[in-house]
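What follows is a short report on a single structure.
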Amino acid sequence: MSVQTADPPNPLSLEHIADPFPTYHELLDHHPIFWHEPTQSWIVSRYEHVRALLRDNKRVWTIQQQEQIGPVLGDAVTLLALDGKEHTAQRGRITPFLHGAGLERFAVTVEDQVQALLGTILEREHAAIAAGERQRGEIDLVKEFTAVYPVSVVAAMMGVSIEDYATVQRWYNAFLSYGSNIAGDPEVFAQGMQAKHEFGEYILPIIAERRRSPTGEDLITRLCHYEYDGRSMTDEEIRAFLALVLLAGGETTDHQLAALMHTLARHPKQLREVQEDRTLVEATLAEGMRYCAIVQFFQRTVRDDMEFEGFQFKQGHRLTLMLAAANHDPRRFDDPDEFNIHRSDNRSAVAFTGNADHVGFGGGRHICLGAQLAKREMEIAMNFLLDRVTDVKLKDGYEPRYAPSPFMRSLLNLDLTFEPA
Ligand code: HEM
């Protein structure tokens, strides 16, 4: 295949983050595979190619993850960088608690968090309207809700006490900054390592306690006592996994939910439809995972020299797989820049599983382990909101702001107005 490589856009430049669709299409149409000097990696954007490489366990792997984020998460290698049988076994030790019936046992925890966070804000707004202070309710959904919601859910699942949530948030922010410190700021690295140390000091005694007295129903207790392939997780593995869950589960669901609510506010007809018919919530979440996927790319590493679509990938080369661009590939999705909760080429029934049509959760053996949890969190929050408010609109003069990260498209503000339902 001949591919034009002259002057490709830099998809990792921050100038695209507010309006990335034109860049996706420039990549997809003119530069589907090219060598990117700044990241020393091959940037790959077409759906077919991205999906094939995500699933090519023989020729590509995720070893770079250990270098990129591993050090701050703990001393054990996390799922992100494990491979082969070890990866299968470790996923086997965790999956029962994040899928199906195991996950459902946490649904009440999720509902409690929504009630505590969003319920309180909506009551405040409803009271202000009732008192005649304003005509419509107002909320910055990101600042007041999504930024704290998923990380609170994870903390509650771990069974840590409510007074510790603020500290957990601080560690989570330090892990996050460490993982996205592309500028290599030494202070950010130091803060990340300090958070690793503090998190270890905090969580290891809790793990030891839950091992001794397996009374609770929390995630830590369950991880301590469940065996797969002849053994349960070690303390260090649990600690590293919990740090990963804080990061992978805190940073993502919040931005995905915010991106989806922003999109819905800009598509009032579909918002009304889903408000009136809640059986459409699943399809709405699925279409959000495709249309406004927040994770822009994920990386892989080439195991051995290989040929791919006419290019020679060398051992150790990085591959930057543009998940969000692949979701807008017209070779795979009809009218890809159209937000359409009724589309048939992104099946909602499988959108949060390994058979998903979109690649918003990655793919292959490392596909997001928390996809079902993310779905439940978004579903519960969206239904809660739509039960209590109506006529949701963007506030007059609202201008979206995004975090300066090429990796994740993270909305920093979402000013909405609404009426009580
Ligand atoms: C909408 C929210 C979320 C998005 C968009 C998202 C996205 C992703 C992506 C793109 C990957 C990489 C997959 C790959 O390498 O192919 C991933 C992996 C992962 N995610 Fe999520 N994620 C979300 C929510 C969560 C939650 C709530 C958890 C909490 C448990 C979680 C835990 C993980 C873990 C543990 C992995 C590593 C899996 C492995 O390497 O085997 N994620 N996620």
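Ordering of the structure tokens sets the chain letters (A, B, ...); residue numbers start at 1 within each chain; ligands are numbered from 1 in the order shown.
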
Based on the backbone DSSP call, show me all residues of region 84-308 of chain A assigned alpha helix (DSSP H), as a PyMOL selection string. chain A and resi 84-98+100-104+107-114+120-130+141+149-158+165-179+186-212+219-225+235-265+268-276+281-291

Can you check which parts of region 52-109 of chain A lie within 7 Å of region 191-204 of chain A? Per residue, the shortest pair of atoms and distance in Å to one decimal, counting only C-alpha atoms, sorted by chain and number, as a tab-separated table.
residue	atom	partner	partner_atom	distance
A:Val72	CA	A:Lys196	CA	5.4
A:Leu73	CA	A:Lys196	CA	6.2
A:Gly74	CA	A:Lys196	CA	6.6

Would you mind exporting all heavy atoms of the selected residues as a PDB file, in the first residue's frame?
ATOM      1  N   VAL A  72       5.435   4.426  39.409  1.00  0.00           N
ATOM      2  CA  VAL A  72       4.660   5.161  40.401  1.00  0.00           C
ATOM      3  C   VAL A  72       3.536   4.317  41.013  1.00  0.00           C
ATOM      4  O   VAL A  72       3.004   4.633  42.076  1.00  0.00           O
ATOM      5  CB  VAL A  72       4.114   6.466  39.758  1.00  0.00           C
ATOM      6  CG1 VAL A  72       2.843   6.223  38.989  1.00  0.00           C
ATOM      7  CG2 VAL A  72       3.920   7.535  40.779  1.00  0.00           C
ATOM      8  N   LEU A  73       3.213   3.225  40.345  1.00  0.00           N
ATOM      9  CA  LEU A  73       2.073   2.425  40.808  1.00  0.00           C
ATOM     10  C   LEU A  73       2.466   1.444  41.911  1.00  0.00           C
ATOM     11  O   LEU A  73       1.630   1.023  42.692  1.00  0.00           O
ATOM     12  CB  LEU A  73       1.424   1.682  39.633  1.00  0.00           C
ATOM     13  CG  LEU A  73       0.823   2.586  38.537  1.00  0.00           C
ATOM     14  CD1 LEU A  73       0.204   1.747  37.429  1.00  0.00           C
ATOM     15  CD2 LEU A  73      -0.221   3.536  39.095  1.00  0.00           C
ATOM     16  N   GLY A  74       3.725   1.049  41.943  1.00  0.00           N
ATOM     17  CA  GLY A  74       4.140   0.121  42.994  1.00  0.00           C
ATOM     18  C   GLY A  74       5.289  -0.729  42.508  1.00  0.00           C
ATOM     19  O   GLY A  74       5.852  -0.486  41.446  1.00  0.00           O
TER      20      GLY A  74
END

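Counting from atom 8 (C, counted along the ligand's line) of ligand 1, the distance to CA of Cys368 (chain A) is 4.5 Å.
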
Name the residues, by chain letter and number, that sit within 8 Å of ligand 1 using only C-alpha atoms and all ligand atoms, and give them as JSON, numbers by chain. {"A": [54, 62, 78, 79, 80, 81, 82, 87, 91, 98, 150, 154, 241, 244, 245, 246, 247, 248, 249, 250, 251, 252, 253, 254, 255, 256, 257, 289, 293, 294, 295, 297, 298, 299, 300, 323, 359, 360, 361, 362, 363, 364, 365, 366, 367, 368, 369, 370, 371, 372, 373, 374, 375, 377]}

Using only C-alpha atoms, which of A:Ile380, A:Val151, A:Val274, A:Met322 sits nearest Asp164 (chain A)?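 Residue with the minimum atom-to-atom distance to Asp164 (chain A): A:Val151.
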
Nearby residues (only C-alpha atoms) at most 12 Å from Thr221 (chain A), same-chain spacing under 2 positions excluded, as a ChimeraX atom specification: /A:94,97,157-160,206-219,223-226,232-233,235,238

Write to file, as a tab-separated table (two decimals), in the first residue's frame, the residues of the selection just made, with N, CA and C atoms.
chain	number	residue	atom	x	y	z
A	94	ILE	N	-9.07	-10.67	38.95
A	94	ILE	CA	-9.74	-9.38	39.18
A	94	ILE	C	-11.12	-9.32	38.52
A	97	PHE	N	-14.81	-9.37	40.01
A	97	PHE	CA	-15.32	-8.27	40.84
A	97	PHE	C	-15.68	-7.03	40.04
A	157	MET	N	-15.41	1.69	46.81
A	157	MET	CA	-15.28	0.25	46.51
A	157	MET	C	-14.14	-0.38	47.30
A	158	MET	N	-13.08	0.41	47.50
A	158	MET	CA	-11.93	-0.10	48.25
A	158	MET	C	-12.27	-0.16	49.75
A	159	GLY	N	-13.34	0.53	50.13
A	159	GLY	CA	-13.74	0.50	51.54
A	159	GLY	C	-12.90	1.43	52.40
A	160	VAL	N	-12.31	2.48	51.80
A	160	VAL	CA	-11.54	3.41	52.64
A	160	VAL	C	-12.51	4.42	53.24
A	206	ILE	N	-3.85	-1.74	55.41
A	206	ILE	CA	-5.28	-2.06	55.20
A	206	ILE	C	-5.39	-3.44	54.53
A	207	ILE	N	-4.51	-3.69	53.54
A	207	ILE	CA	-4.54	-4.99	52.86
A	207	ILE	C	-4.26	-6.10	53.89
A	208	ALA	N	-3.25	-5.87	54.75
A	208	ALA	CA	-2.89	-6.89	55.76
A	208	ALA	C	-4.07	-7.15	56.69
A	209	GLU	N	-4.77	-6.09	57.07
A	209	GLU	CA	-5.91	-6.22	57.97
A	209	GLU	C	-7.06	-7.01	57.31
A	210	ARG	N	-7.33	-6.67	56.03
A	210	ARG	CA	-8.43	-7.36	55.32
A	210	ARG	C	-8.08	-8.83	55.07
A	211	ARG	N	-6.78	-9.13	55.01
A	211	ARG	CA	-6.36	-10.52	54.85
A	211	ARG	C	-6.64	-11.30	56.15
A	212	ARG	N	-6.33	-10.61	57.28
A	212	ARG	CA	-6.53	-11.25	58.59
A	212	ARG	C	-8.01	-11.40	58.91
A	213	SER	N	-8.79	-10.33	58.67
A	213	SER	CA	-10.21	-10.38	59.05
A	213	SER	C	-11.08	-10.13	57.81
A	214	PRO	N	-11.39	-11.19	57.08
A	214	PRO	CA	-12.14	-11.02	55.84
A	214	PRO	C	-13.64	-10.81	56.09
A	215	THR	N	-13.95	-9.69	56.72
A	215	THR	CA	-15.35	-9.49	57.08
A	215	THR	C	-16.10	-8.71	56.01
A	216	GLY	N	-15.43	-7.73	55.41
A	216	GLY	CA	-16.12	-6.79	54.53
A	216	GLY	C	-16.44	-7.37	53.16
A	217	GLU	N	-17.21	-6.59	52.42
A	217	GLU	CA	-17.59	-6.96	51.05
A	217	GLU	C	-16.81	-6.10	50.06
A	218	ASP	N	-15.84	-5.34	50.58
A	218	ASP	CA	-15.15	-4.39	49.72
A	218	ASP	C	-14.20	-5.08	48.75
A	219	LEU	N	-13.71	-4.30	47.78
A	219	LEU	CA	-12.87	-4.85	46.72
A	219	LEU	C	-11.56	-5.45	47.27
A	223	LEU	N	-10.28	-9.24	46.71
A	223	LEU	CA	-9.02	-9.54	45.99
A	223	LEU	C	-8.09	-10.39	46.85
A	224	CYS	N	-8.09	-10.13	48.16
A	224	CYS	CA	-7.20	-10.88	49.06
A	224	CYS	C	-7.54	-12.36	49.11
A	225	HIS	N	-8.82	-12.67	48.94
A	225	HIS	CA	-9.25	-14.04	49.24
A	225	HIS	C	-9.68	-14.84	48.03
A	226	TYR	N	-9.56	-14.28	46.85
A	226	TYR	CA	-9.99	-15.02	45.66
A	226	TYR	C	-8.78	-15.63	44.96
A	232	SER	N	-3.82	-16.46	45.10
A	232	SER	CA	-4.46	-15.15	45.11
A	232	SER	C	-3.38	-14.09	44.85
A	233	MET	N	-3.78	-12.83	44.78
A	233	MET	CA	-2.81	-11.76	44.50
A	233	MET	C	-1.96	-11.50	45.75
A	235	ASP	N	0.26	-8.95	48.30
A	235	ASP	CA	-0.03	-7.60	48.79
A	235	ASP	C	0.45	-6.54	47.81
A	238	ILE	N	-1.78	-6.32	44.81
A	238	ILE	CA	-3.05	-5.64	45.11
A	238	ILE	C	-2.81	-4.13	45.19

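Distances to Glu419 (chain A) were evaluated for A:Glu399, A:Glu48, A:Glu138, A:Glu236 using only C-alpha atoms, and the minimum falls at A:Glu138.
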
Between A:Cys292, A:Gln65, A:Leu385, A:Asn346, which is the closest to Ile121 (chain A) once you count only C-alpha atoms? A:Leu385

Quick one: DSSP strand (DSSP E or B) residues in region 7-250 of chain A, as a list of chain:residue names?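 Checking each residue of region 7-250 of chain A, the strand (DSSP E or B) ones are A:Ile33, A:Phe34, A:Trp35, A:His36, A:Ser41, A:Trp42, A:Ile43, A:Val44, A:Val60, A:Trp61, A:Gly137, A:Glu138, A:Ile139, A:Asp140, A:Tyr228, A:Arg231.
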
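Of note, CA of Gln115 (chain A) and CA of Tyr149 (chain A) are spaced 10.4 Å apart.
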
Nearest to Leu280 (chain A) by atom-to-atom distance, counting only C-alpha atoms, from A:His267, A:His317, A:His342, A:His30: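 So, comparing all the options, the nearest one is A:His342.
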
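Coordinates place CA of Arg318 (chain A) at a distance of 4.5 Å from CA of Ser41 (chain A).
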